[in-house]
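For reference, target_15.pdb is printed below; it contains PDB, N, CA and C atoms.
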ATOM      1  N   ASP A  10      72.312  43.944 164.135
ATOM      2  CA  ASP A  10      73.215  43.593 165.215
ATOM      3  C   ASP A  10      74.642  43.389 164.690
ATOM      4  N   GLN A  11      74.758  42.899 163.462
ATOM      5  CA  GLN A  11      76.083  42.667 162.895
ATOM      6  C   GLN A  11      76.886  43.955 162.805
ATOM      7  N   LYS A  12      76.253  45.062 162.415
ATOM      8  CA  LYS A  12      76.962  46.342 162.317
ATOM      9  C   LYS A  12      77.458  46.784 163.690
ATOM     10  N   PHE A  13      76.651  46.558 164.727
ATOM     11  CA  PHE A  13      77.092  46.917 166.082
ATOM     12  C   PHE A  13      78.301  46.085 166.493
ATOM     13  N   ILE A  14      78.306  44.810 166.148
ATOM     14  CA  ILE A  14      79.443  43.955 166.478
ATOM     15  C   ILE A  14      80.690  44.448 165.741
ATOM     16  N   GLU A  15      80.527  44.853 164.475
ATOM     17  CA  GLU A  15      81.651  45.331 163.677
ATOM     18  C   GLU A  15      82.287  46.589 164.258
ATOM     19  N   ILE A  16      81.467  47.519 164.772
ATOM     20  CA  ILE A  16      82.019  48.784 165.248
ATOM     21  C   ILE A  16      82.358  48.772 166.735
ATOM     22  N   SER A  17      81.875  47.780 167.468
ATOM     23  CA  SER A  17      82.159  47.696 168.900
ATOM     24  C   SER A  17      83.627  47.363 169.129
ATOM     25  N   ASN A  18      84.256  48.064 170.058
ATOM     26  CA  ASN A  18      85.654  47.784 170.384
ATOM     27  C   ASN A  18      85.847  46.371 170.922
ATOM     28  N   ARG A  19      84.833  45.846 171.554
ATOM     29  CA  ARG A  19      84.963  44.502 172.118
ATOM     30  C   ARG A  19      84.126  43.488 171.352
ATOM     31  N   GLN A  20      83.616  43.896 170.187
ATOM     32  CA  GLN A  20      82.809  43.066 169.298
ATOM     33  C   GLN A  20      81.647  42.410 170.040
ATOM     34  N   ALA A  21      80.978  43.214 170.840
ATOM     35  CA  ALA A  21      79.837  42.737 171.614
ATOM     36  C   ALA A  21      78.558  42.890 170.812
ATOM     37  N   SER A  22      77.628  41.973 171.042
ATOM     38  CA  SER A  22      76.319  42.145 170.424
ATOM     39  C   SER A  22      75.593  43.261 171.166
ATOM     40  N   PHE A  23      74.679  43.892 170.493
ATOM     41  CA  PHE A  23      73.986  45.052 171.043
ATOM     42  C   PHE A  23      73.305  44.726 172.367
ATOM     43  N   ASN A  24      72.654  43.573 172.444
ATOM     44  CA  ASN A  24      71.916  43.212 173.659
ATOM     45  C   ASN A  24      72.822  42.949 174.860
ATOM     46  N   ASN A  25      74.108  42.727 174.628
ATOM     47  CA  ASN A  25      75.044  42.480 175.730
ATOM     48  C   ASN A  25      75.761  43.744 176.190
ATOM     49  N   MET A  26      75.365  44.886 175.673
ATOM     50  CA  MET A  26      75.992  46.157 176.046
ATOM     51  C   MET A  26      75.202  46.831 177.160
ATOM     52  N   SER A  27      75.909  47.630 177.966
ATOM     53  CA  SER A  27      75.223  48.470 178.946
ATOM     54  C   SER A  27      74.490  49.585 178.190
ATOM     55  N   THR A  28      73.601  50.265 178.852
ATOM     56  CA  THR A  28      72.860  51.350 178.201
ATOM     57  C   THR A  28      73.801  52.431 177.699
ATOM     58  N   ASP A  29      74.775  52.837 178.510
ATOM     59  CA  ASP A  29      75.715  53.868 178.082
ATOM     60  C   ASP A  29      76.526  53.404 176.875
ATOM     61  N   GLU A  30      76.924  52.134 176.873
ATOM     62  CA  GLU A  30      77.678  51.598 175.740
ATOM     63  C   GLU A  30      76.798  51.553 174.487
ATOM     64  N   LYS A  31      75.526  51.195 174.660
ATOM     65  CA  LYS A  31      74.595  51.192 173.522
ATOM     66  C   LYS A  31      74.520  52.590 172.899
ATOM     67  N   LEU A  32      74.435  53.604 173.743
ATOM     68  CA  LEU A  32      74.337  54.977 173.233
ATOM     69  C   LEU A  32      75.607  55.390 172.504
ATOM     70  N   SER A  33      76.742  54.997 173.022
ATOM     71  CA  SER A  33      78.000  55.285 172.348
ATOM     72  C   SER A  33      78.045  54.606 170.982
ATOM     73  N   GLU A  34      77.672  53.346 170.932
ATOM     74  CA  GLU A  34      77.741  52.592 169.680
ATOM     75  C   GLU A  34      76.664  53.025 168.679
ATOM     76  N   ILE A  35      75.501  53.439 169.162
ATOM     77  CA  ILE A  35      74.489  54.002 168.261
ATOM     78  C   ILE A  35      75.058  55.244 167.591
ATOM     79  N   SER A  36      75.675  56.100 168.382
ATOM     80  CA  SER A  36      76.274  57.314 167.838
ATOM     81  C   SER A  36      77.364  56.977 166.822
ATOM     82  N   ASN A  37      78.198  56.006 167.149
ATOM     83  CA  ASN A  37      79.259  55.585 166.228
ATOM     84  C   ASN A  37      78.683  55.017 164.937
ATOM     85  N   LEU A  38      77.631  54.225 165.049
ATOM     86  CA  LEU A  38      77.032  53.619 163.858
ATOM     87  C   LEU A  38      76.372  54.676 162.978
ATOM     88  N   ILE A  39      75.701  55.644 163.585
ATOM     89  CA  ILE A  39      75.097  56.728 162.793
ATOM     90  C   ILE A  39      76.192  57.454 162.022
ATOM     91  N   GLU A  40      77.294  57.754 162.691
ATOM     92  CA  GLU A  40      78.401  58.414 162.005
ATOM     93  C   GLU A  40      78.943  57.538 160.878
ATOM     94  N   ASN A  41      79.113  56.250 161.154
ATOM     95  CA  ASN A  41      79.618  55.312 160.157
ATOM     96  C   ASN A  41      78.719  55.264 158.926
ATOM     97  N   MET A  42      77.417  55.333 159.143
ATOM     98  CA  MET A  42      76.459  55.249 158.035
ATOM     99  C   MET A  42      76.379  56.549 157.238
ATOM    100  N   LEU A  43      76.578  57.674 157.914
ATOM    101  CA  LEU A  43      76.395  58.968 157.260
ATOM    102  C   LEU A  43      77.674  59.586 156.711
ATOM    103  N   LYS A  44      78.821  59.164 157.202
ATOM    104  CA  LYS A  44      80.078  59.789 156.773
ATOM    105  C   LYS A  44      80.648  59.035 155.578
ATOM    106  N   LYS A  45      80.667  59.704 154.451
ATOM    107  CA  LYS A  45      81.172  59.120 153.210
ATOM    108  C   LYS A  45      82.250  60.032 152.642
ATOM    109  N   ASN A  46      83.424  59.482 152.393
ATOM    110  CA  ASN A  46      84.550  60.248 151.841
ATOM    111  C   ASN A  46      84.878  61.485 152.669
ATOM    112  N   GLY A  47      84.791  61.357 153.989
ATOM    113  CA  GLY A  47      85.171  62.446 154.881
ATOM    114  C   GLY A  47      84.109  63.496 155.131
ATOM    115  N   SER A  48      82.963  63.363 154.480
ATOM    116  CA  SER A  48      81.871  64.334 154.664
ATOM    117  C   SER A  48      80.590  63.601 155.025
ATOM    118  N   PHE A  49      79.716  64.311 155.723
ATOM    119  CA  PHE A  49      78.433  63.727 156.083
ATOM    120  C   PHE A  49      77.434  63.914 154.947
ATOM    121  N   ILE A  50      76.749  62.818 154.611
ATOM    122  CA  ILE A  50      75.682  62.898 153.616
ATOM    123  C   ILE A  50      74.399  63.338 154.315
ATOM    124  N   THR A  51      73.447  63.832 153.552
ATOM    125  CA  THR A  51      72.160  64.256 154.103
ATOM    126  C   THR A  51      71.054  63.508 153.385
ATOM    127  N   PRO A  52      70.637  62.368 153.931
ATOM    128  CA  PRO A  52      69.542  61.629 153.295
ATOM    129  C   PRO A  52      68.250  62.441 153.316
ATOM    130  N   ASP A  53      67.344  62.101 152.435
ATOM    131  CA  ASP A  53      66.042  62.770 152.376
ATOM    132  C   ASP A  53      65.105  62.125 153.395
ATOM    133  N   TYR A  54      65.275  62.501 154.659
ATOM    134  CA  TYR A  54      64.492  61.908 155.741
ATOM    135  C   TYR A  54      62.993  62.073 155.529
ATOM    136  N   SER A  55      62.582  63.183 154.945
ATOM    137  CA  SER A  55      61.155  63.460 154.784
ATOM    138  C   SER A  55      60.465  62.448 153.876
ATOM    139  N   SER A  56      61.219  61.751 153.030
ATOM    140  CA  SER A  56      60.597  60.767 152.140
ATOM    141  C   SER A  56      60.030  59.577 152.907
ATOM    142  N   ILE A  57      60.520  59.353 154.115
ATOM    143  CA  ILE A  57      60.010  58.265 154.959
ATOM    144  C   ILE A  57      59.353  58.804 156.222
ATOM    145  N   CYS A  58      59.946  59.832 156.820
ATOM    146  CA  CYS A  58      59.573  60.264 158.169
ATOM    147  C   CYS A  58      58.694  61.506 158.220
ATOM    148  N   PHE A  59      58.251  61.983 157.050
ATOM    149  CA  PHE A  59      57.519  63.234 157.000
ATOM    150  C   PHE A  59      58.402  64.302 157.634
ATOM    151  N   ASP A  60      57.934  64.995 158.647
ATOM    152  CA  ASP A  60      58.762  66.006 159.300
ATOM    153  C   ASP A  60      59.171  65.581 160.709
ATOM    154  N   TYR A  61      59.019  64.293 161.023
ATOM    155  CA  TYR A  61      59.343  63.831 162.375
ATOM    156  C   TYR A  61      60.845  63.692 162.600
ATOM    157  N   ILE A  62      61.584  63.319 161.562
ATOM    158  CA  ILE A  62      63.039  63.235 161.649
ATOM    159  C   ILE A  62      63.610  64.027 160.487
ATOM    160  N   SER A  63      64.598  64.865 160.799
ATOM    161  CA  SER A  63      65.248  65.689 159.776
ATOM    162  C   SER A  63      66.752  65.648 160.016
ATOM    163  N   ASN A  64      67.508  66.245 159.128
ATOM    164  CA  ASN A  64      68.951  66.335 159.328
ATOM    165  C   ASN A  64      69.258  67.078 160.629
ATOM    166  N   GLU A  65      68.476  68.100 160.936
ATOM    167  CA  GLU A  65      68.679  68.859 162.175
ATOM    168  C   GLU A  65      68.424  67.978 163.402
ATOM    169  N   THR A  66      67.395  67.137 163.321
ATOM    170  CA  THR A  66      67.078  66.229 164.429
ATOM    171  C   THR A  66      68.228  65.251 164.660
ATOM    172  N   VAL A  67      68.745  64.686 163.575
ATOM    173  CA  VAL A  67      69.839  63.715 163.675
ATOM    174  C   VAL A  67      71.098  64.398 164.198
ATOM    175  N   THR A  68      71.387  65.597 163.721
ATOM    176  CA  THR A  68      72.556  66.341 164.192
ATOM    177  C   THR A  68      72.430  66.645 165.682
ATOM    178  N   SER A  69      71.265  67.080 166.106
ATOM    179  CA  SER A  69      71.027  67.367 167.522
ATOM    180  C   SER A  69      71.193  66.106 168.369
ATOM    181  N   TYR A  70      70.647  65.004 167.904
ATOM    182  CA  TYR A  70      70.781  63.728 168.611
ATOM    183  C   TYR A  70      72.263  63.357 168.753
ATOM    184  N   ARG A  71      73.000  63.444 167.652
ATOM    185  CA  ARG A  71      74.417  63.085 167.677
ATOM    186  C   ARG A  71      75.194  63.951 168.667
ATOM    187  N   LYS A  72      74.878  65.245 168.723
ATOM    188  CA  LYS A  72      75.567  66.137 169.666
ATOM    189  C   LYS A  72      75.289  65.730 171.108
ATOM    190  N   LYS A  73      74.047  65.345 171.401
ATOM    191  CA  LYS A  73      73.705  64.907 172.754
ATOM    192  C   LYS A  73      74.429  63.615 173.120
ATOM    193  N   MET A  74      74.722  62.788 172.133
ATOM    194  CA  MET A  74      75.347  61.491 172.388
ATOM    195  C   MET A  74      76.867  61.569 172.513
ATOM    196  N   HIS A  75      77.459  62.715 172.185
ATOM    197  CA  HIS A  75      78.920  62.855 172.295
ATOM    198  C   HIS A  75      79.420  62.524 173.694
ATOM    199  N   CYS A  76      78.643  62.841 174.707
ATOM    200  CA  CYS A  76      79.099  62.593 176.072
ATOM    201  C   CYS A  76      79.263  61.100 176.359
ATOM    202  N   PHE A  77      78.601  60.247 175.585
ATOM    203  CA  PHE A  77      78.735  58.805 175.780
ATOM    204  C   PHE A  77      79.954  58.250 175.053
ATOM    205  N   ARG A  78      80.518  59.053 174.156
ATOM    206  CA  ARG A  78      81.685  58.625 173.374
ATOM    207  C   ARG A  78      82.999  59.121 173.977
ATOM    208  N   HIS A  79      82.930  60.080 174.892
ATOM    209  CA  HIS A  79      84.137  60.703 175.432
ATOM    210  C   HIS A  79      84.247  60.464 176.933
ATOM    211  N   ALA A  80      85.465  60.609 177.462
ATOM    212  CA  ALA A  80      85.709  60.289 178.868
ATOM    213  C   ALA A  80      86.179  61.484 179.686
ATOM    214  N   THR A  81      85.933  62.700 179.206
ATOM    215  CA  THR A  81      86.307  63.872 180.005
ATOM    216  C   THR A  81      85.397  63.951 181.220
ATOM    217  N   ASN A  82      85.805  64.703 182.217
ATOM    218  CA  ASN A  82      84.959  64.888 183.403
ATOM    219  C   ASN A  82      83.620  65.506 183.023
ATOM    220  N   GLU A  83      83.652  66.449 182.071
ATOM    221  CA  GLU A  83      82.414  67.101 181.635
ATOM    222  C   GLU A  83      81.480  66.094 180.972
ATOM    223  N   ALA A  84      82.052  65.216 180.144
ATOM    224  CA  ALA A  84      81.233  64.212 179.458
ATOM    225  C   ALA A  84      80.616  63.249 180.464
ATOM    226  N   ILE A  85      81.389  62.828 181.447
ATOM    227  CA  ILE A  85      80.874  61.912 182.463
ATOM    228  C   ILE A  85      79.777  62.579 183.276
ATOM    229  N   THR A  86      79.967  63.830 183.623
ATOM    230  CA  THR A  86      78.942  64.576 184.359
ATOM    231  C   THR A  86      77.660  64.683 183.536
ATOM    232  N   GLU A  87      77.803  64.985 182.238
ATOM    233  CA  GLU A  87      76.623  65.073 181.374
ATOM    234  C   GLU A  87      75.918  63.723 181.277
ATOM    235  N   ARG A  88      76.670  62.648 181.101
ATOM    236  CA  ARG A  88      76.093  61.294 181.046
ATOM    237  C   ARG A  88      75.259  61.011 182.290
ATOM    238  N   ASN A  89      75.840  61.374 183.427
ATOM    239  CA  ASN A  89      75.164  61.100 184.700
ATOM    240  C   ASN A  89      73.957  61.998 184.944
ATOM    241  N   SER A  90      73.828  63.068 184.168
ATOM    242  CA  SER A  90      72.676  63.969 184.348
ATOM    243  C   SER A  90      71.398  63.404 183.720
ATOM    244  N   TYR A  91      71.534  62.403 182.864
ATOM    245  CA  TYR A  91      70.355  61.802 182.227
ATOM    246  C   TYR A  91      69.804  60.682 183.092
ATOM    247  N   SER A  92      68.490  60.630 183.203
ATOM    248  CA  SER A  92      67.840  59.547 183.944
ATOM    249  C   SER A  92      67.859  58.275 183.102
ATOM    250  N   GLU A  93      67.597  57.154 183.741
ATOM    251  CA  GLU A  93      67.526  55.885 183.005
ATOM    252  C   GLU A  93      66.399  55.923 181.967
ATOM    253  N   GLU A  94      65.301  56.612 182.297
ATOM    254  CA  GLU A  94      64.197  56.744 181.342
ATOM    255  C   GLU A  94      64.624  57.544 180.117
ATOM    256  N   GLN A  95      65.384  58.609 180.343
ATOM    257  CA  GLN A  95      65.873  59.412 179.224
ATOM    258  C   GLN A  95      66.848  58.609 178.368
ATOM    259  N   LYS A  96      67.729  57.870 179.016
ATOM    260  CA  LYS A  96      68.673  57.039 178.268
ATOM    261  C   LYS A  96      67.933  55.976 177.455
ATOM    262  N   SER A  97      66.894  55.395 178.036
ATOM    263  CA  SER A  97      66.091  54.401 177.318
ATOM    264  C   SER A  97      65.438  55.022 176.080
ATOM    265  N   PHE A  98      64.929  56.245 176.238
ATOM    266  CA  PHE A  98      64.373  56.968 175.094
ATOM    267  C   PHE A  98      65.443  57.185 174.031
ATOM    268  N   PHE A  99      66.642  57.624 174.454
ATOM    269  CA  PHE A  99      67.739  57.854 173.510
ATOM    270  C   PHE A  99      68.086  56.584 172.740
ATOM    271  N   VAL A 100      68.077  55.434 173.411
ATOM    272  CA  VAL A 100      68.359  54.165 172.733
ATOM    273  C   VAL A 100      67.290  53.891 171.686
ATOM    274  N   ASP A 101      66.025  53.962 172.089
ATOM    275  CA  ASP A 101      64.925  53.676 171.158
ATOM    276  C   ASP A 101      64.928  54.642 169.979
ATOM    277  N   PHE A 102      65.112  55.918 170.251
ATOM    278  CA  PHE A 102      65.107  56.919 169.192
ATOM    279  C   PHE A 102      66.306  56.733 168.266
ATOM    280  N   GLY A 103      67.449  56.434 168.843
ATOM    281  CA  GLY A 103      68.644  56.195 168.042
ATOM    282  C   GLY A 103      68.471  55.001 167.112
ATOM    283  N   LEU A 104      67.846  53.933 167.609
ATOM    284  CA  LEU A 104      67.592  52.765 166.758
ATOM    285  C   LEU A 104      66.632  53.113 165.621
ATOM    286  N   THR A 105      65.666  53.967 165.902
ATOM    287  CA  THR A 105      64.752  54.426 164.855
ATOM    288  C   THR A 105      65.515  55.214 163.796
ATOM    289  N   ILE A 106      66.389  56.103 164.227
ATOM    290  CA  ILE A 106      67.202  56.876 163.289
ATOM    291  C   ILE A 106      68.041  55.939 162.419
ATOM    292  N   ILE A 107      68.648  54.935 163.039
ATOM    293  CA  ILE A 107      69.475  53.977 162.291
ATOM    294  C   ILE A 107      68.648  53.239 161.250
ATOM    295  N   LYS A 108      67.449  52.804 161.624
ATOM    296  CA  LYS A 108      66.582  52.098 160.673
ATOM    297  C   LYS A 108      66.260  52.980 159.478
ATOM    298  N   VAL A 109      65.968  54.240 159.732
ATOM    299  CA  VAL A 109      65.626  55.169 158.659
ATOM    300  C   VAL A 109      66.841  55.390 157.741
ATOM    301  N   ILE A 110      68.004  55.637 158.348
ATOM    302  CA  ILE A 110      69.212  55.850 157.557
ATOM    303  C   ILE A 110      69.499  54.622 156.695
ATOM    304  N   ARG A 111      69.345  53.454 157.285
ATOM    305  CA  ARG A 111      69.592  52.210 156.539
ATOM    306  C   ARG A 111      68.664  52.107 155.331
ATOM    307  N   MET A 112      67.399  52.419 155.526
ATOM    308  CA  MET A 112      66.444  52.372 154.405
ATOM    309  C   MET A 112      66.803  53.385 153.325
ATOM    310  N   LEU A 113      67.266  54.542 153.746
ATOM    311  CA  LEU A 113      67.548  55.614 152.785
ATOM    312  C   LEU A 113      68.892  55.475 152.081
ATOM    313  N   THR A 114      69.777  54.649 152.628
ATOM    314  CA  THR A 114      71.109  54.523 152.033
ATOM    315  C   THR A 114      71.365  53.160 151.422
ATOM    316  N   LYS A 115      70.345  52.355 151.279
ATOM    317  CA  LYS A 115      70.511  51.020 150.661
ATOM    318  C   LYS A 115      70.987  51.157 149.240
TER     319      LYS A 115
END
Take the structure in the file and give it back as structure tokens.
Amino acid sequence: DQKFIEISNRQASFNNMSTDEKLSEISNLIENMLKKNGSFITPDYSSICFDYISNETVTSYRKKMHCFRHATNEAITERNSYSEEQKSFFVDFGLTIIKVIRMLTK
């Protein structure tokens, strides 16, 4: 939760964020954890996740989350195209990705 407070523009705890804000901050935190010296690192996801999470999976997830980080009409339309159930899945999956990255980059 401390990392979310650090990267949040309003220094909010994760549980006090709306679902859309959670998705934006998950995406920001993943980028913060993976971007080192201007380039993205590629942790060995298979050492923990077998083949369930890979660099391609994380990249795909991050691309889907861009709409929560931007305010263009297209981004807002894309955000609104996801159901609450899909957004809930994105939150849970994003938190799983963060946990894995944290373990691999300690």
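Between Asn89 in chain A and the candidates A:Pro52, A:Ile62, A:Glu30, A:Cys76, the tightest atom-to-atom separation, counting all atoms listed in the file, involves A:Cys76.
Across the model, the gap from CA of Glu87 in chain A to CA of Ile106 in chain A is 22.0 Å.
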(request) Determine the nearest neighbour of Asp29 in chain A from the options A:Tyr70, A:Phe59, A:Arg78, A:Lys108, counting all atoms listed in the file. (result) A:Arg78
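Separating atom C of Leu43 in chain A from CA of Thr114 in chain A is a distance of 9.5 Å.
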(request) Using only N, CA and C atoms, pick whichever of A:Ser69, A:Gly47, A:Asn24, A:Tyr54 has the shortest atom-to-atom distance to Val109 in chain A. (result) A:Tyr54
(message) Assuming the chain letters and numbering stay as they are in my file, what does the PyMOL selection byres ((chain A and resi 33) around 8) actually select? List them as a PyMOL selection string.
(response) chain A and resi 27-32+34-39+74-79
(message) Using Å and a single decimal, report how far CA of Arg111 in chain A sits from CA of Arg88 in chain A.
(response) 26.9 Å
(request) Pick out each residue of chain A that DSSP on the backbone tags as strand (DSSP E); I need them as a PyMOL selection string. (result) chain A and resi 44-45+48-49
All residues 8 Å or closer to Asp53 in chain A, all atoms listed in the file, same chain fewer than 2 positions away omitted, as an mmCIF file with N, CA and C atoms, in the coordinates of the input:
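Result went into around-v2.cif, see below:
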data_model
loop_
_atom_site.group_PDB
_atom_site.id
_atom_site.type_symbol
_atom_site.label_atom_id
_atom_site.label_comp_id
_atom_site.auth_asym_id
_atom_site.auth_seq_id
_atom_site.Cartn_x
_atom_site.Cartn_y
_atom_site.Cartn_z
ATOM 1 N N ILE A 50 76.749 62.818 154.611
ATOM 2 C CA ILE A 50 75.682 62.898 153.616
ATOM 3 C C ILE A 50 74.399 63.338 154.315
ATOM 4 N N THR A 51 73.447 63.832 153.552
ATOM 5 C CA THR A 51 72.160 64.256 154.103
ATOM 6 C C THR A 51 71.054 63.508 153.385
ATOM 7 N N SER A 55 62.582 63.183 154.945
ATOM 8 C CA SER A 55 61.155 63.460 154.784
ATOM 9 C C SER A 55 60.465 62.448 153.876
ATOM 10 N N SER A 56 61.219 61.751 153.030
ATOM 11 C CA SER A 56 60.597 60.767 152.140
ATOM 12 C C SER A 56 60.030 59.577 152.907
ATOM 13 N N ILE A 57 60.520 59.353 154.115
ATOM 14 C CA ILE A 57 60.010 58.265 154.959
ATOM 15 C C ILE A 57 59.353 58.804 156.222
ATOM 16 N N CYS A 58 59.946 59.832 156.820
ATOM 17 C CA CYS A 58 59.573 60.264 158.169
ATOM 18 C C CYS A 58 58.694 61.506 158.220
ATOM 19 N N PHE A 59 58.251 61.983 157.050
ATOM 20 C CA PHE A 59 57.519 63.234 157.000
ATOM 21 C C PHE A 59 58.402 64.302 157.634
ATOM 22 N N ILE A 62 61.584 63.319 161.562
ATOM 23 C CA ILE A 62 63.039 63.235 161.649
ATOM 24 C C ILE A 62 63.610 64.027 160.487
ATOM 25 N N SER A 63 64.598 64.865 160.799
ATOM 26 C CA SER A 63 65.248 65.689 159.776
ATOM 27 C C SER A 63 66.752 65.648 160.016
ATOM 28 N N ASN A 64 67.508 66.245 159.128
ATOM 29 C CA ASN A 64 68.951 66.335 159.328
ATOM 30 C C ASN A 64 69.258 67.078 160.629
ATOM 31 N N LEU A 113 67.266 54.542 153.746
ATOM 32 C CA LEU A 113 67.548 55.614 152.785
ATOM 33 C C LEU A 113 68.892 55.475 152.081
ATOM 34 N N THR A 114 69.777 54.649 152.628
ATOM 35 C CA THR A 114 71.109 54.523 152.033
ATOM 36 C C THR A 114 71.365 53.160 151.422
#
Centre, x/y/z edge lengths, axis-aligned box for range 56-74 of chain A with 5 Å per side, as JSON:
{"center_x": 67.2, "center_y": 63.6, "center_z": 162.6, "size_x": 29.3, "size_y": 20.6, "size_z": 31.0}
